[in-house]
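The structure appears below as structure tokens.
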Amino acid sequence: MAKKKNKYSFAKKKHSGQGIASTVFAGISLGIFCAAALCALIFHGKGGMYLGALGLIAIVLSIYGFITGLKSFSEKNRDQLFCKIGAVGNGVLMVIWLALFLVGIS
């Protein structure tokens, strides 16, 4: 009986374009979070409408990045590293932003 030989392919896969975009959206949302926290500290919590608008933009970016990250898993023959980073990062940021938003409403 002949042994079955496994064939391995070590060709480099390209990164998913949507996964990279998702990771960029997570980075932008995190940057907005840090900038908004710094501005709130400087203005002693009286940032008002400008920080609220900045937060809403970051929430939308985070939600869009999460959706893009999930869509990027369907790309065939692509490396999934940035898909995972973008989807998890945007998911965590989305929960944080929504929690801050709900605390601000109450």
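Numbering starts fresh at 1 for the residues of each chain in the structure tokens, the chains themselves are lettered A, B, ... in the order given, and ligands are numbered from 1 as they appear.
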
TODO: With a distance cut-off of 9 Å and only C-alpha atoms, select the neighbouring residues of A:Leu70, excluding the residue or stretch itself and same-chain residues fewer than 4 positions from it, and output the selection as an MDAnalysis selection string.
DONE: chainID A and resid 19 22 65:66 74 83:84 86:87

TODO: For A:Ile96, please output as a ChimeraX atom specification all residues within 12 Å (counting only C-alpha atoms; exclusion window: fewer than 2 positions along the same chain).
DONE: /A:29-30,33,55,58-59,62-63,89-94,98-103

- [ ] Per DSSP on the backbone, filter stretch 2-102 of chain A down to the residues in strand (DSSP E) and report them as number ranges by chain.
- [x] A: 14-15, 78-79

Using the selection just defined, write its residues with C-alpha atoms as a tab-separated table (two decimals), in the first residue's frame.
chain	number	residue	atom	x	y	z
A	14	LYS	CA	-2.39	38.87	0.37
A	15	HIS	CA	-4.14	40.62	3.21
A	78	ARG	CA	-6.71	36.05	1.70
A	79	ASP	CA	-4.90	36.35	5.00

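We find atom CA of A:Ile28 and atom CA of A:Ala53 to be spaced 14.9 Å apart.
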
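You can rank A:Phe82, A:Tyr8, A:Lys3, A:Ala36 by their closest distance to A:Leu56 using only C-alpha atoms, and at the top of that list sits A:Ala36.
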
Task: DSSP alpha helix (DSSP H) residues within stretch 21-103 of chain A, as a ChimeraX atom specification - done: /A:21-42,49-71,81-103

Would you save the residues from that selection as a PDB file, in the first residue's frame, using C-alpha atoms?
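The resulting file, part-v8.pdb, is shown below:
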ATOM      1  CA  ALA A  21     -10.011  49.100   6.048  1.00  0.00           C
ATOM      2  CA  SER A  22     -11.732  47.709   9.144  1.00  0.00           C
ATOM      3  CA  THR A  23      -8.500  47.964  11.131  1.00  0.00           C
ATOM      4  CA  VAL A  24      -8.010  51.551   9.936  1.00  0.00           C
ATOM      5  CA  PHE A  25     -11.542  52.425  11.080  1.00  0.00           C
ATOM      6  CA  ALA A  26     -10.748  50.921  14.487  1.00  0.00           C
ATOM      7  CA  GLY A  27      -7.584  53.015  14.691  1.00  0.00           C
ATOM      8  CA  ILE A  28      -9.440  56.193  13.769  1.00  0.00           C
ATOM      9  CA  SER A  29     -12.180  55.468  16.303  1.00  0.00           C
ATOM     10  CA  LEU A  30      -9.568  54.790  18.997  1.00  0.00           C
ATOM     11  CA  GLY A  31      -7.790  58.031  18.097  1.00  0.00           C
ATOM     12  CA  ILE A  32     -11.045  59.960  18.363  1.00  0.00           C
ATOM     13  CA  PHE A  33     -11.685  58.303  21.732  1.00  0.00           C
ATOM     14  CA  CYS A  34      -8.287  59.392  23.058  1.00  0.00           C
ATOM     15  CA  ALA A  35      -8.685  62.922  21.657  1.00  0.00           C
ATOM     16  CA  ALA A  36     -12.195  63.258  23.117  1.00  0.00           C
ATOM     17  CA  ALA A  37     -11.030  62.010  26.523  1.00  0.00           C
ATOM     18  CA  LEU A  38      -8.161  64.495  26.500  1.00  0.00           C
ATOM     19  CA  CYS A  39     -10.459  67.366  25.464  1.00  0.00           C
ATOM     20  CA  ALA A  40     -12.977  66.433  28.164  1.00  0.00           C
ATOM     21  CA  LEU A  41     -10.157  66.469  30.711  1.00  0.00           C
ATOM     22  CA  ILE A  42      -8.884  69.846  29.535  1.00  0.00           C
ATOM     23  CA  MET A  49     -21.904  69.674  21.517  1.00  0.00           C
ATOM     24  CA  TYR A  50     -18.496  69.330  19.861  1.00  0.00           C
ATOM     25  CA  LEU A  51     -17.406  66.292  21.834  1.00  0.00           C
ATOM     26  CA  GLY A  52     -20.855  64.760  21.412  1.00  0.00           C
ATOM     27  CA  ALA A  53     -20.676  65.155  17.642  1.00  0.00           C
ATOM     28  CA  LEU A  54     -17.168  63.710  17.647  1.00  0.00           C
ATOM     29  CA  GLY A  55     -18.435  60.739  19.656  1.00  0.00           C
ATOM     30  CA  LEU A  56     -21.322  60.105  17.257  1.00  0.00           C
ATOM     31  CA  ILE A  57     -18.921  60.155  14.301  1.00  0.00           C
ATOM     32  CA  ALA A  58     -16.704  57.645  16.108  1.00  0.00           C
ATOM     33  CA  ILE A  59     -19.702  55.385  16.850  1.00  0.00           C
ATOM     34  CA  VAL A  60     -20.677  55.383  13.172  1.00  0.00           C
ATOM     35  CA  LEU A  61     -17.074  54.640  12.141  1.00  0.00           C
ATOM     36  CA  SER A  62     -16.893  51.804  14.637  1.00  0.00           C
ATOM     37  CA  ILE A  63     -20.164  50.245  13.496  1.00  0.00           C
ATOM     38  CA  TYR A  64     -19.189  50.545   9.832  1.00  0.00           C
ATOM     39  CA  GLY A  65     -15.750  49.095  10.580  1.00  0.00           C
ATOM     40  CA  PHE A  66     -17.313  46.161  12.450  1.00  0.00           C
ATOM     41  CA  ILE A  67     -19.613  45.382   9.518  1.00  0.00           C
ATOM     42  CA  THR A  68     -16.710  45.709   7.071  1.00  0.00           C
ATOM     43  CA  GLY A  69     -14.587  43.426   9.238  1.00  0.00           C
ATOM     44  CA  LEU A  70     -17.272  40.759   9.260  1.00  0.00           C
ATOM     45  CA  LYS A  71     -17.747  41.016   5.489  1.00  0.00           C
ATOM     46  CA  LEU A  81      -5.212  38.669  10.332  1.00  0.00           C
ATOM     47  CA  PHE A  82      -6.496  42.198   9.752  1.00  0.00           C
ATOM     48  CA  CYS A  83     -10.068  40.911   9.518  1.00  0.00           C
ATOM     49  CA  LYS A  84      -9.807  39.541  13.051  1.00  0.00           C
ATOM     50  CA  ILE A  85      -8.062  42.622  14.444  1.00  0.00           C
ATOM     51  CA  GLY A  86     -10.536  44.994  12.804  1.00  0.00           C
ATOM     52  CA  ALA A  87     -13.679  43.096  13.766  1.00  0.00           C
ATOM     53  CA  VAL A  88     -12.653  42.586  17.409  1.00  0.00           C
ATOM     54  CA  GLY A  89     -11.265  46.111  17.784  1.00  0.00           C
ATOM     55  CA  ASN A  90     -14.348  47.745  16.307  1.00  0.00           C
ATOM     56  CA  GLY A  91     -16.633  45.512  18.364  1.00  0.00           C
ATOM     57  CA  VAL A  92     -14.920  46.489  21.611  1.00  0.00           C
ATOM     58  CA  LEU A  93     -14.857  50.180  20.678  1.00  0.00           C
ATOM     59  CA  MET A  94     -18.501  50.045  19.635  1.00  0.00           C
ATOM     60  CA  VAL A  95     -19.497  48.671  23.049  1.00  0.00           C
ATOM     61  CA  ILE A  96     -17.396  51.311  24.833  1.00  0.00           C
ATOM     62  CA  TRP A  97     -18.839  54.161  22.749  1.00  0.00           C
ATOM     63  CA  LEU A  98     -22.408  52.967  23.194  1.00  0.00           C
ATOM     64  CA  ALA A  99     -21.893  52.606  26.962  1.00  0.00           C
ATOM     65  CA  LEU A 100     -20.539  56.161  27.165  1.00  0.00           C
ATOM     66  CA  PHE A 101     -23.432  57.396  25.061  1.00  0.00           C
ATOM     67  CA  LEU A 102     -26.019  55.691  27.293  1.00  0.00           C
ATOM     68  CA  VAL A 103     -24.338  57.006  30.447  1.00  0.00           C
TER      69      VAL A 103
END

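Between atom CA of A:Phe73 and atom CA of A:Gly17 lies a distance of 10.6 Å.
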
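Across the structure, atom CA of A:Lys4 and atom CA of A:Asn77 are spaced 24.8 Å apart.
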